[in-house]
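Structure data (mmCIF, C-alpha atoms and all ligand atoms) from upload-v9.cif:
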data_model
loop_
_atom_site.label_atom_id
_atom_site.label_comp_id
_atom_site.auth_asym_id
_atom_site.auth_seq_id
_atom_site.Cartn_x
_atom_site.Cartn_y
_atom_site.Cartn_z
CA MET W 1361 -1.66 -31.04 13.47
CA GLY W 1362 -0.38 -31.55 17.00
CA ARG W 1363 -1.17 -27.94 17.84
CA LEU W 1364 -4.51 -27.56 16.12
CA LYS W 1365 -6.33 -30.76 17.00
CA ASP W 1366 -9.95 -29.59 17.03
CA GLY W 1367 -10.15 -28.32 13.48
CA LEU W 1368 -9.54 -28.92 9.83
CA ILE W 1369 -6.39 -27.21 8.51
CA LEU W 1370 -6.55 -25.77 5.02
CA LEU W 1371 -3.90 -23.61 3.39
CA ALA W 1372 -4.03 -22.10 -0.05
CA GLY W 1373 -0.63 -21.59 -1.66
CA GLY W 1374 0.24 -18.48 -3.64
CA ARG W 1375 -1.27 -17.69 -7.02
CA GLU W 1376 0.33 -16.07 -10.02
CA VAL W 1377 -0.18 -12.32 -10.33
CA ILE W 1378 -0.46 -10.74 -13.77
CA ARG W 1379 2.03 -7.98 -14.53
CA ASN W 1380 0.46 -7.12 -17.85
CA TYR W 1381 -1.40 -9.01 -20.61
CA ASP W 1382 -0.04 -12.59 -20.48
CA VAL W 1383 3.10 -11.78 -18.46
CA SER W 1384 3.10 -12.70 -14.78
CA TYR W 1385 5.35 -11.47 -12.01
CA VAL W 1386 8.04 -13.97 -11.01
CA PHE W 1387 6.16 -16.44 -8.81
CA ARG W 1388 7.30 -16.89 -5.21
CA GLN W 1389 5.42 -19.45 -3.09
CA GLY W 1390 3.82 -18.19 0.13
CA SER W 1391 6.26 -18.91 2.98
CA ASP W 1392 3.84 -20.80 5.25
CA PHE W 1393 2.89 -23.05 2.35
CA LEU W 1394 6.53 -23.51 1.35
CA TRP W 1395 7.50 -24.38 4.95
CA LEU W 1396 4.77 -27.03 5.13
CA THR W 1397 5.07 -28.55 1.67
CA GLY W 1398 8.18 -27.51 -0.26
CA VAL W 1399 5.90 -27.01 -3.26
CA GLU W 1400 7.02 -24.16 -5.50
CA GLU W 1401 4.14 -24.38 -8.02
CA PRO W 1402 1.35 -21.77 -7.92
CA GLY W 1403 -2.34 -22.48 -7.37
CA CYS W 1404 -2.05 -25.39 -4.88
CA ALA W 1405 -3.72 -26.13 -1.53
CA LEU W 1406 -2.88 -28.31 1.45
CA LEU W 1407 -5.51 -30.06 3.57
CA LEU W 1408 -4.51 -31.52 6.95
CA ASP W 1409 -6.96 -33.48 9.06
CA PRO W 1410 -5.65 -33.81 12.64
CA LYS W 1411 -8.46 -36.21 13.65
CA ARG W 1412 -7.77 -38.74 10.93
CA ARG W 1413 -4.09 -37.77 10.72
CA THR W 1414 -4.15 -37.43 6.95
CA SER W 1415 -2.58 -34.95 4.58
CA ALA W 1416 -3.49 -34.14 1.00
CA LEU W 1417 -2.03 -31.78 -1.55
CA TYR W 1418 -4.30 -30.28 -4.21
CA MET W 1419 -2.80 -29.08 -7.47
CA PRO W 1420 -4.35 -27.32 -10.48
CA ARG W 1421 -5.54 -29.65 -13.27
CA ILE W 1422 -3.18 -28.91 -16.16
CA ASP W 1423 -4.33 -29.19 -19.78
CA ASP W 1424 -2.29 -29.64 -22.95
CA HIS W 1425 -2.54 -25.93 -23.78
CA HIS W 1426 -0.75 -25.22 -20.50
CA ARG W 1427 1.84 -27.92 -21.23
CA VAL W 1428 2.52 -26.39 -24.66
CA TRP W 1429 3.16 -22.92 -23.25
CA GLU W 1430 4.50 -23.60 -19.76
CA GLY W 1431 6.05 -27.06 -20.02
CA HIS W 1432 6.01 -29.97 -17.62
CA VAL W 1433 4.07 -29.89 -14.37
CA PRO W 1434 4.38 -32.82 -11.94
CA SER W 1435 1.59 -35.41 -12.16
CA PRO W 1436 -0.16 -36.39 -8.90
CA ALA W 1437 1.97 -39.54 -8.64
CA GLU W 1438 5.18 -37.57 -9.17
CA ALA W 1439 4.07 -34.93 -6.69
CA ARG W 1440 3.41 -37.56 -4.03
CA ARG W 1441 7.00 -38.78 -4.35
CA LEU W 1442 8.46 -35.26 -4.59
CA TYR W 1443 6.72 -33.74 -1.59
CA GLY W 1444 6.17 -36.73 0.69
CA VAL W 1445 2.48 -36.09 1.06
CA GLU W 1446 0.07 -39.03 1.40
CA ARG W 1447 -2.47 -38.01 -1.17
CA VAL W 1448 -2.39 -35.74 -4.19
CA ALA W 1449 -5.50 -34.66 -6.08
CA PHE W 1450 -6.72 -31.75 -8.21
CA THR W 1451 -8.01 -28.49 -6.71
CA ASP W 1452 -11.36 -28.90 -8.51
CA GLU W 1453 -11.88 -31.98 -6.31
CA LEU W 1454 -11.28 -30.04 -3.10
CA PRO W 1455 -14.89 -28.87 -2.38
CA LYS W 1456 -16.06 -32.49 -2.46
CA ALA W 1457 -13.19 -33.59 -0.22
CA LEU W 1458 -13.98 -30.82 2.26
CA LYS W 1459 -17.57 -31.99 2.57
CA LYS W 1460 -16.31 -35.37 3.75
CA ALA W 1461 -13.38 -34.15 5.85
CA ARG W 1462 -15.27 -31.49 7.81
CA SER W 1463 -17.39 -33.94 9.79
CA GLY W 1464 -16.30 -34.15 13.42
CA HIS W 1465 -14.47 -30.80 13.34
CA ARG W 1466 -15.52 -27.57 15.01
CA ARG W 1467 -13.10 -25.08 13.55
CA ALA W 1468 -11.52 -24.23 10.21
CA TYR W 1469 -7.86 -23.35 10.58
CA ALA W 1470 -7.70 -21.91 7.10
CA ASN W 1471 -5.57 -19.06 5.82
CA GLU W 1472 -7.33 -16.01 4.35
CA ALA W 1473 -6.71 -17.10 0.76
CA ALA W 1474 -8.24 -20.52 1.48
CA LEU W 1475 -11.31 -18.94 3.12
CA LYS W 1476 -11.73 -16.76 0.06
CA SER W 1477 -11.62 -19.69 -2.36
CA TRP W 1478 -13.22 -22.50 -0.34
CA GLY W 1479 -14.99 -20.73 2.55
CA SER W 1480 -18.41 -21.85 1.28
CA SER W 1481 -17.35 -25.51 1.67
CA LEU W 1482 -16.35 -24.80 5.28
CA LYS W 1483 -19.62 -23.13 6.35
CA GLY W 1484 -20.59 -24.04 9.89
CA LEU W 1485 -16.98 -24.42 11.05
CA LYS W 1486 -15.65 -21.48 13.01
CA PRO W 1487 -12.95 -19.82 10.87
CA ALA W 1488 -9.71 -19.18 12.79
CA PRO W 1489 -7.10 -17.90 10.33
CA ALA W 1490 -5.20 -15.96 13.01
CA VAL W 1491 -4.73 -19.10 15.14
CA LEU W 1492 -3.24 -20.92 12.14
CA THR W 1493 -0.90 -18.02 11.34
CA ASP W 1494 0.18 -17.85 14.97
CA ALA W 1495 0.93 -21.58 15.14
CA LEU W 1496 3.01 -21.39 11.98
CA GLU W 1497 4.86 -18.31 13.23
CA GLU W 1498 5.70 -20.18 16.40
CA LEU W 1499 6.91 -23.27 14.53
CA ARG W 1500 8.92 -21.33 11.96
CA ALA W 1501 10.80 -19.20 14.52
CA VAL W 1502 13.15 -21.98 15.65
CA LYS W 1503 15.20 -23.54 12.87
CA ASP W 1504 16.21 -27.19 12.64
CA ALA W 1505 19.58 -28.37 11.34
CA GLY W 1506 18.33 -28.69 7.75
CA GLU W 1507 17.03 -25.15 7.75
CA VAL W 1508 20.28 -23.84 9.23
CA ALA W 1509 22.21 -25.63 6.48
CA LEU W 1510 20.08 -23.91 3.82
CA MET W 1511 20.58 -20.55 5.52
CA ARG W 1512 24.31 -21.14 5.81
CA ARG W 1513 24.59 -21.66 2.06
CA ALA W 1514 22.41 -18.59 1.34
CA ASN W 1515 24.84 -16.64 3.54
CA GLU W 1516 27.99 -18.07 1.96
CA VAL W 1517 26.87 -17.21 -1.56
CA SER W 1518 25.58 -13.78 -0.53
CA GLY W 1519 28.80 -13.15 1.39
CA ALA W 1520 30.94 -13.93 -1.65
CA ALA W 1521 28.71 -11.61 -3.68
CA HIS W 1522 29.28 -8.82 -1.12
CA VAL W 1523 33.03 -9.35 -1.46
CA ALA W 1524 32.68 -9.17 -5.27
CA VAL W 1525 30.90 -5.82 -4.79
CA MET W 1526 33.61 -4.56 -2.42
CA ARG W 1527 36.17 -5.38 -5.09
CA GLY W 1528 34.25 -4.18 -8.13
CA ALA W 1529 32.36 -1.03 -7.08
CA ARG W 1530 34.07 2.15 -8.25
CA ALA W 1531 33.45 5.86 -8.70
CA GLY W 1532 31.49 6.64 -11.86
CA MET W 1533 29.35 3.50 -11.71
CA ARG W 1534 25.60 3.73 -11.17
CA GLU W 1535 24.19 2.12 -8.06
CA TYR W 1536 22.29 -0.39 -10.23
CA GLN W 1537 25.55 -1.44 -11.86
CA VAL W 1538 26.82 -2.32 -8.39
CA GLN W 1539 23.53 -4.16 -7.88
CA ALA W 1540 24.32 -6.10 -11.07
CA LEU W 1541 27.63 -7.22 -9.53
CA PHE W 1542 25.84 -8.56 -6.46
CA ASP W 1543 22.90 -10.15 -8.23
CA SER W 1544 24.99 -11.81 -10.94
CA ALA W 1545 27.43 -13.25 -8.39
CA CYS W 1546 24.48 -14.94 -6.61
CA LEU W 1547 23.03 -16.35 -9.82
CA ALA W 1548 26.44 -17.49 -11.05
CA ALA W 1549 26.99 -19.32 -7.77
CA GLY W 1550 23.73 -21.24 -8.22
CA LEU W 1551 21.14 -19.26 -6.28
CA LYS W 1552 18.55 -18.03 -8.72
CA HIS W 1553 16.44 -15.85 -6.44
CA LEU W 1554 17.25 -12.94 -4.20
CA ALA W 1555 15.54 -12.68 -0.82
CA TYR W 1556 14.54 -9.05 -1.50
CA PRO W 1557 15.44 -6.30 -3.97
CA SER W 1558 19.03 -5.21 -3.28
CA ILE W 1559 19.49 -1.79 -1.68
CA VAL W 1560 22.55 -0.04 -3.12
CA ALA W 1561 22.90 3.46 -1.72
CA ALA W 1562 25.81 5.83 -2.29
CA GLY W 1563 26.50 8.86 -0.08
CA ASP W 1564 23.39 10.65 1.16
CA ASN W 1565 21.14 7.87 -0.25
CA GLY W 1566 22.43 5.64 2.55
CA ALA W 1567 20.32 7.72 4.92
CA VAL W 1568 17.13 6.47 3.22
CA LEU W 1569 16.32 3.31 5.16
CA HIS W 1570 14.49 1.45 2.38
CA TYR W 1571 16.20 3.15 -0.55
CA ARG W 1572 15.04 1.56 -3.80
CA LYS W 1573 15.95 3.83 -6.68
CA ASN W 1574 19.51 2.49 -7.09
CA ASN W 1575 20.23 4.89 -9.94
CA ALA W 1576 22.68 7.50 -8.63
CA VAL W 1577 26.34 7.73 -9.67
CA LEU W 1578 29.00 6.69 -7.12
CA LYS W 1579 31.47 9.44 -6.28
CA ALA W 1580 34.95 9.27 -4.76
CA GLY W 1581 34.84 10.13 -1.07
CA GLN W 1582 31.35 8.72 -0.54
CA LEU W 1583 30.33 5.72 1.49
CA LEU W 1584 28.45 2.93 -0.27
CA LEU W 1585 25.82 1.02 1.71
CA ILE W 1586 24.64 -2.28 0.26
CA ASP W 1587 21.89 -4.35 1.89
CA ALA W 1588 21.41 -7.51 -0.16
CA GLY W 1589 20.95 -11.26 0.17
CA ALA W 1590 20.08 -14.31 -1.88
CA GLU W 1591 17.64 -17.05 -0.91
CA ASN W 1592 18.32 -20.78 -0.95
CA GLY W 1593 15.37 -23.16 -1.00
CA GLY W 1594 13.37 -20.11 0.02
CA TYR W 1595 15.58 -19.30 3.03
CA ALA W 1596 16.92 -15.76 3.11
CA ALA W 1597 20.24 -14.16 3.79
CA ASP W 1598 20.03 -10.52 4.84
CA ILE W 1599 23.43 -8.82 4.91
CA THR W 1600 24.50 -5.17 4.94
CA ARG W 1601 27.95 -3.71 4.50
CA THR W 1602 29.12 -0.12 4.22
CA PHE W 1603 32.47 0.79 2.65
CA PRO W 1604 34.24 3.79 1.08
CA VAL W 1605 34.08 4.34 -2.68
CA SER W 1606 37.70 5.50 -2.35
CA ALA W 1607 40.00 2.99 -0.67
CA ARG W 1608 40.03 4.78 2.69
CA PHE W 1609 37.39 5.97 5.15
CA THR W 1610 37.52 9.70 5.93
CA ARG W 1611 37.97 10.64 9.61
CA ARG W 1612 34.25 11.22 10.15
CA GLN W 1613 33.22 8.11 8.22
CA ALA W 1614 35.66 6.08 10.29
CA ASP W 1615 34.41 7.57 13.58
CA ALA W 1616 30.77 6.79 12.80
CA TYR W 1617 31.68 3.35 11.41
CA ASP W 1618 33.54 2.41 14.57
CA VAL W 1619 30.47 3.25 16.70
CA VAL W 1620 28.29 0.98 14.58
CA LEU W 1621 30.82 -1.86 14.44
CA ALA W 1622 31.51 -1.86 18.18
CA THR W 1623 27.76 -1.87 18.82
CA GLN W 1624 27.16 -4.70 16.37
CA LYS W 1625 29.85 -6.92 17.91
CA ALA W 1626 28.60 -6.30 21.44
CA LEU W 1627 25.05 -7.11 20.37
CA ILE W 1628 26.09 -10.37 18.72
CA ASN W 1629 27.83 -11.40 21.94
CA ALA W 1630 24.71 -10.50 23.94
CA ALA W 1631 22.32 -12.68 21.88
CA LYS W 1632 21.56 -15.52 24.28
CA PRO W 1633 18.53 -17.65 25.09
CA GLY W 1634 16.24 -15.90 27.57
CA VAL W 1635 17.16 -12.37 26.51
CA ASN W 1636 14.11 -10.19 25.85
CA SER W 1637 14.57 -8.77 22.35
CA ALA W 1638 13.29 -5.37 23.58
CA ASP W 1639 16.12 -5.21 26.14
CA TRP W 1640 18.51 -6.28 23.41
CA HIS W 1641 17.32 -3.38 21.26
CA VAL W 1642 17.65 -0.95 24.16
CA LEU W 1643 21.25 -2.11 24.63
CA SER W 1644 21.91 -1.22 20.98
CA MET W 1645 20.40 2.25 21.52
CA ARG W 1646 22.55 2.78 24.61
CA LEU W 1647 25.76 1.81 22.86
CA ILE W 1648 25.02 4.03 19.87
CA ALA W 1649 24.01 6.90 22.17
CA GLU W 1650 27.30 6.59 24.06
CA GLY W 1651 29.32 6.40 20.85
CA LEU W 1652 27.65 9.48 19.37
CA ARG W 1653 28.08 11.34 22.66
CA ASP W 1654 31.82 10.67 22.44
CA LEU W 1655 31.71 12.26 18.96
CA GLY W 1656 30.00 15.36 20.36
CA LEU W 1657 26.75 14.79 18.47
CA LEU W 1658 24.74 13.96 21.60
CA ARG W 1659 25.03 15.07 25.22
CA GLY W 1660 23.42 14.15 28.52
CA SER W 1661 22.88 10.83 30.25
CA THR W 1662 22.56 7.58 28.34
CA ASP W 1663 19.16 6.97 29.98
CA ALA W 1664 17.87 10.35 28.83
CA LEU W 1665 19.18 9.85 25.29
CA VAL W 1666 17.32 6.54 25.03
CA GLU W 1667 14.12 7.43 26.87
CA THR W 1668 13.51 10.75 25.09
CA GLY W 1669 14.20 9.16 21.72
CA ALA W 1670 17.05 11.59 20.99
CA VAL W 1671 19.28 8.72 19.81
CA ARG W 1672 16.54 7.71 17.39
CA LEU W 1673 17.31 10.79 15.27
CA PHE W 1674 20.46 8.89 14.25
CA TYR W 1675 19.21 5.29 14.67
CA PRO W 1676 15.52 5.21 13.77
CA HIS W 1677 15.10 1.44 13.34
CA SER W 1678 15.57 -1.53 15.61
CA ILE W 1679 18.43 -3.96 16.16
CA GLY W 1680 17.09 -6.79 14.05
CA HIS W 1681 14.37 -9.26 13.23
CA LEU W 1682 13.77 -12.97 12.86
CA LEU W 1683 14.97 -14.39 9.58
CA GLY W 1684 13.89 -17.48 7.64
CA LEU W 1685 11.71 -18.10 4.64
CA ASP W 1686 10.68 -14.47 4.94
CA VAL W 1687 13.38 -11.88 5.24
CA HIS W 1688 11.26 -10.42 8.06
CA ASP W 1689 10.13 -13.74 9.49
CA GLY W 1690 7.19 -13.01 11.79
CA LEU W 1691 7.37 -12.27 15.50
CA GLY W 1692 7.77 -15.78 16.94
CA GLY W 1693 4.14 -16.50 17.78
CA SER W 1694 1.95 -15.22 20.62
CA LYS W 1695 3.29 -17.76 23.15
CA ARG W 1696 6.68 -16.11 22.99
CA LYS W 1697 5.32 -12.58 23.14
CA LEU W 1698 6.45 -10.67 26.24
CA PRO W 1699 5.40 -7.41 27.80
CA ASN W 1700 7.77 -4.65 26.72
CA PRO W 1701 9.88 -3.97 29.82
CA THR W 1702 11.28 -0.75 28.36
CA LYS W 1703 9.96 2.75 27.73
CA VAL W 1704 10.94 2.42 24.08
CA PRO W 1705 8.52 1.35 21.32
CA VAL W 1706 9.74 -1.95 19.82
CA ARG W 1707 7.94 -4.20 17.34
CA PHE W 1708 9.66 -7.52 18.03
CA VAL W 1709 9.30 -8.32 21.73
CA ALA W 1710 10.05 -11.98 22.40
CA ARG W 1711 12.41 -14.12 24.37
CA LEU W 1712 15.40 -15.18 22.28
CA GLU W 1713 15.65 -18.96 22.02
CA ALA W 1714 18.27 -21.40 20.86
CA GLY W 1715 17.73 -22.09 17.17
CA MET W 1716 16.27 -18.70 16.33
CA ALA W 1717 17.79 -16.99 13.30
CA VAL W 1718 18.10 -13.26 13.90
CA THR W 1719 19.68 -10.34 12.09
CA VAL W 1720 21.96 -7.97 14.01
CA GLU W 1721 21.93 -4.64 12.22
CA PRO W 1722 22.60 -1.45 14.11
CA GLY W 1723 23.10 1.71 12.08
CA VAL W 1724 23.91 5.38 12.27
CA TYR W 1725 22.35 7.79 9.78
CA PHE W 1726 22.42 11.50 9.07
CA ILE W 1727 18.86 12.16 7.89
CA SER W 1728 17.98 15.71 6.87
CA ALA W 1729 14.24 15.10 7.41
CA LEU W 1730 15.05 14.65 11.12
CA LEU W 1731 18.10 16.86 11.66
CA GLU W 1732 16.55 19.85 9.86
CA SER W 1733 13.09 19.46 11.39
CA LYS W 1734 11.92 22.33 13.59
CA ALA W 1735 9.77 19.97 15.68
CA GLN W 1736 12.71 17.61 16.35
CA TYR W 1737 14.91 20.59 17.17
CA ASP W 1738 12.43 21.95 19.70
CA LYS W 1739 12.04 18.51 21.28
CA HIS W 1740 15.68 17.45 21.48
CA LYS W 1741 17.82 20.62 21.43
CA ASP W 1742 19.14 19.99 24.96
CA LEU W 1743 20.44 16.51 24.09
CA VAL W 1744 21.43 16.86 20.43
CA ASP W 1745 24.06 19.23 19.06
CA PHE W 1746 22.05 20.05 15.96
CA ALA W 1747 24.61 22.48 14.52
CA ARG W 1748 27.28 19.82 14.65
CA ALA W 1749 24.95 17.04 13.45
CA ARG W 1750 23.87 19.14 10.44
CA SER W 1751 27.50 19.56 9.48
CA TRP W 1752 27.60 15.73 9.11
CA LEU W 1753 24.69 15.69 6.62
CA GLY W 1754 25.70 14.15 3.31
CA LEU W 1755 27.65 11.33 4.94
CA GLY W 1756 24.56 9.19 4.51
CA GLY W 1757 24.23 6.06 6.60
CA ILE W 1758 26.25 3.22 8.01
CA ARG W 1759 24.67 -0.15 8.71
CA ILE W 1760 26.45 -3.43 9.41
CA GLU W 1761 24.21 -6.50 9.36
CA ASP W 1762 25.04 -10.14 10.04
CA ASP W 1763 22.76 -13.17 10.38
CA ILE W 1764 23.14 -15.26 13.52
CA ILE W 1765 21.68 -18.41 15.03
CA VAL W 1766 21.14 -18.18 18.79
CA ARG W 1767 22.73 -21.15 20.56
CA ALA W 1768 21.86 -22.81 23.86
CA LYS W 1769 25.38 -22.31 25.19
CA GLY W 1770 28.11 -19.86 24.30
CA LEU W 1771 28.21 -17.30 21.55
CA PRO W 1772 25.74 -17.41 18.67
CA LEU W 1773 26.69 -18.98 15.37
CA ASN W 1774 27.44 -16.13 12.96
CA LEU W 1775 26.47 -17.22 9.44
CA THR W 1776 27.96 -14.08 7.88
CA SER W 1777 31.69 -13.82 7.24
CA VAL W 1778 31.99 -10.76 4.97
CA PRO W 1779 34.85 -8.46 6.07
CA LYS W 1780 33.67 -5.71 8.41
CA GLU W 1781 36.84 -4.52 10.16
CA ARG W 1782 37.87 -1.16 8.70
CA ARG W 1783 41.42 -2.26 7.99
CA ASP W 1784 40.23 -5.41 6.20
CA ILE W 1785 37.81 -3.44 4.05
CA GLU W 1786 40.47 -0.85 3.19
CA ALA W 1787 43.00 -3.58 2.36
CA LEU W 1788 40.43 -5.29 0.12
CA ARG W 1789 39.62 -2.03 -1.66
CA ARG W 1790 43.33 -1.26 -2.16
CA SER W 1791 44.12 -4.74 -3.42
CA ALA W 1792 41.32 -4.34 -5.98
CA GLY W 1793 43.08 -1.24 -7.30
CA HIS W 1794 40.96 1.53 -5.77
CA GLY W 1795 42.81 4.69 -4.80
MN MN W 1801 17.54 -6.93 7.94
#
For the structure just supplied, provide its representation as structure tokens.
Ligand SMILES: [Mn+2]
Amino acid sequence: MGRLKDGLILLAGGREVIRNYDVSYVFRQGSDFLWLTGVEEPGCALLLDPKRRTSALYMPRIDDHHRVWEGHVPSPAEARRLYGVERVAFTDELPKALKKARSGHRRAYANEAALKSWGSSLKGLKPAPAVLTDALEELRAVKDAGEVALMRRANEVSGAAHVAVMRGARAGMREYQVQALFDSACLAAGLKHLAYPSIVAAGDNGAVLHYRKNNAVLKAGQLLLIDAGAENGGYAADITRTFPVSARFTRRQADAYDVVLATQKALINAAKPGVNSADWHVLSMRLIAEGLRDLGLLRGSTDALVETGAVRLFYPHSIGHLLGLDVHDGLGGSKRKLPNPTKVPVRFVARLEAGMAVTVEPGVYFISALLESKAQYDKHKDLVDFARARSWLGLGGIRIEDDIIVRAKGLPLNLTSVPKERRDIEALRRSAGHG
């Protein structure tokens, strides 16, 4: 309300989506709505009036049929206590309320879903959904102590689940059986929802950035990449680890792993307030370029490897993203947006600030679609040893991802404590009986 004083603010929460017949998809509240209200029920709306400084939550009117099939839904009086909102009413009363509330306002800071449902009651006010989204992005980017506590617990539970996977995964299992180890550990520890569908990728599948099939059989000698996290009160953990299906890394796996790990640690240490996230990403590209040059996969100057995009054949994504109620938590709002000072295309270009939650997730991948492409070969043959790189195909991908909170002074707070040193991972695998 402090940011959007000259308009009426109206947000529609999420609605249930039918999967088939009378079965709905698992409902997840829209993150903006959840951030503002804490309400996890579908079909609600929030009306904020900055002029009169009032807030009202609108909930669907529930009948006995609904109560028979779906069970208890909070009454308006209960909801007022639960969510700390001044007024609670039913959504069918909202058009009438809008008629009253709109007087004296010029703009409607309503989200798209609210404009769709109640736009006719807001006629005459200038709709500004993008301004509302931007304000919320800005507010959500910096976490307060309560949010950090929720994220810390999401990370602790997810971290323990990653350790359970490192102990339990073995050759002969399907990737989805490894997924079951992770998911069940989170549920057993008290977190019912995952932040996103777990990626479990053995061997070559690790080179597919958003691998989703999770149905291949794990084989001895492969690497296993698992990118998975639970959510707590809606707040996500987003953690990736890569480890050998046998107890030990092969020489090549170890060499590539060490490049990623050294890069990841350096990038965590470099996450400070004032750093432009585009520069931070370029630093990750430089470190990976230098590491792969030492392995004979790349050649030429670090500048050239970054500026031509040659390093992107092995590292085609960026260093990280904001994290919060969404696993990819917006871009920090337009006020924080900076010009990109680099020659490299980057999506998230903002100044890092104390209190921001960010993932740090460099990776190295051996992707046949890039390494066997004639166009890529013609473009990068001077800087990439394609013959050598192709001999690494099949190794898959290595990504190491932790979640950090940028701090005003000193190193960031690392919420993730899953083993990532090679010797610790190998010791853990051995102690769990893997050969
Ligand atoms: Mn991530």
How close does chain W get to ligand MN 1801 (chain W)? List, as a Markdown table, each residue of chain W within 8 Å, its nearest atom pair and the distance in Å to one decimal, counting only C-alpha atoms and all ligand atoms.
| residue | atom | partner | partner_atom | distance |
| --- | --- | --- | --- | --- |
| W:Asp1587 | CA | W:MN1801 | MN | 7.9 |
| W:Asp1598 | CA | W:MN1801 | MN | 5.4 |
| W:Ile1599 | CA | W:MN1801 | MN | 6.9 |
| W:Thr1600 | CA | W:MN1801 | MN | 7.8 |
| W:Gly1680 | CA | W:MN1801 | MN | 6.1 |
| W:His1681 | CA | W:MN1801 | MN | 6.6 |
| W:Val1687 | CA | W:MN1801 | MN | 7.0 |
| W:His1688 | CA | W:MN1801 | MN | 7.2 |
| W:Thr1719 | CA | W:MN1801 | MN | 5.8 |
| W:Val1720 | CA | W:MN1801 | MN | 7.6 |
| W:Glu1721 | CA | W:MN1801 | MN | 6.5 |
| W:Glu1761 | CA | W:MN1801 | MN | 6.8 |
Requested in this report: Rank W:Trp1640, W:Tyr1675, W:Ala1548, W:Leu1775 by their smallest atom-to-atom distance to W:Ala1710, using all atoms listed in the file, and report the top residue only.
Outcome: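 Smallest separation from W:Ala1710 among the options: W:Trp1640.
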Query raised in the report: Do you know which residues are at most 8 Å from W:Asp1504 counting all atoms listed in the file, after dropping those on the same chain fewer than 3 positions away, and could you put them as a PyMOL selection string?
Result: chain W and resi 1507-1508+1715
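Shortest atom-to-atom contact with W:Arg1375 among W:Ser1728, W:Ser1477, W:Thr1610, W:Asn1565: W:Ser1477, counting all atoms listed in the file.
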Report task. Measuring atom to atom with only C-alpha atoms, identify which of W:Leu1406, W:Arg1672, W:Gly1656, W:Arg1441 is nearest to W:Gln1736. Result ->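 That would be W:Arg1672, the residue with the smallest distance to W:Gln1736.
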Query raised in the report: stretch 1365-1370 of chain W: which residues within 9 Å, counting only C-alpha atoms, same-chain residues fewer than 6 positions away excluded, as an MDAnalysis selection string?
Result: chainID W and resid 1405:1411 1458 1461:1462 1464:1471 1474:1475 1485:1486 1492
Query raised in the report: Excluding same-chain residues fewer than 3 positions from W:His1553, what lies within 8 Å of it counting all atoms listed in the file, as an NGL selection string?
Result: :W and (1547 or 1590-1592)
At the level of N, CA, C and O atoms, write stretch 1525-1533 of chain W to a file as an mmCIF file, in the first residue's frame, please.
data_model
loop_
_atom_site.group_PDB
_atom_site.id
_atom_site.type_symbol
_atom_site.label_atom_id
_atom_site.label_comp_id
_atom_site.auth_asym_id
_atom_site.auth_seq_id
_atom_site.Cartn_x
_atom_site.Cartn_y
_atom_site.Cartn_z
ATOM 1 N N VAL W 1525 19.667 -39.959 -0.429
ATOM 2 C CA VAL W 1525 19.846 -40.402 -1.817
ATOM 3 C C VAL W 1525 21.290 -40.850 -2.048
ATOM 4 O O VAL W 1525 21.549 -41.891 -2.656
ATOM 5 N N MET W 1526 22.246 -40.069 -1.533
ATOM 6 C CA MET W 1526 23.661 -40.439 -1.707
ATOM 7 C C MET W 1526 23.956 -41.789 -1.060
ATOM 8 O O MET W 1526 24.827 -42.514 -1.502
ATOM 9 N N ARG W 1527 23.251 -42.105 -0.006
ATOM 10 C CA ARG W 1527 23.455 -43.405 0.646
ATOM 11 C C ARG W 1527 22.723 -44.507 -0.109
ATOM 12 O O ARG W 1527 23.242 -45.602 -0.278
ATOM 13 N N GLY W 1528 21.517 -44.217 -0.569
ATOM 14 C CA GLY W 1528 20.635 -45.290 -1.043
ATOM 15 C C GLY W 1528 20.682 -45.589 -2.526
ATOM 16 O O GLY W 1528 20.311 -46.685 -2.952
ATOM 17 N N ALA W 1529 21.121 -44.633 -3.350
ATOM 18 C CA ALA W 1529 21.096 -44.864 -4.808
ATOM 19 C C ALA W 1529 22.104 -45.949 -5.176
ATOM 20 O O ALA W 1529 23.228 -45.947 -4.686
ATOM 21 N N ARG W 1530 21.698 -46.884 -6.017
ATOM 22 C CA ARG W 1530 22.663 -47.912 -6.440
ATOM 23 C C ARG W 1530 22.363 -48.381 -7.865
ATOM 24 O O ARG W 1530 21.240 -48.214 -8.363
ATOM 25 N N ALA W 1531 23.387 -48.977 -8.472
ATOM 26 C CA ALA W 1531 23.256 -49.490 -9.834
ATOM 27 C C ALA W 1531 22.088 -50.461 -9.890
ATOM 28 O O ALA W 1531 21.854 -51.228 -8.953
ATOM 29 N N GLY W 1532 21.325 -50.392 -10.999
ATOM 30 C CA GLY W 1532 20.176 -51.272 -11.170
ATOM 31 C C GLY W 1532 18.857 -50.598 -10.830
ATOM 32 O O GLY W 1532 17.800 -51.028 -11.283
ATOM 33 N N MET W 1533 18.913 -49.554 -10.003
ATOM 34 C CA MET W 1533 17.690 -48.803 -9.696
ATOM 35 C C MET W 1533 17.277 -47.970 -10.904
ATOM 36 O O MET W 1533 18.120 -47.587 -11.711
#
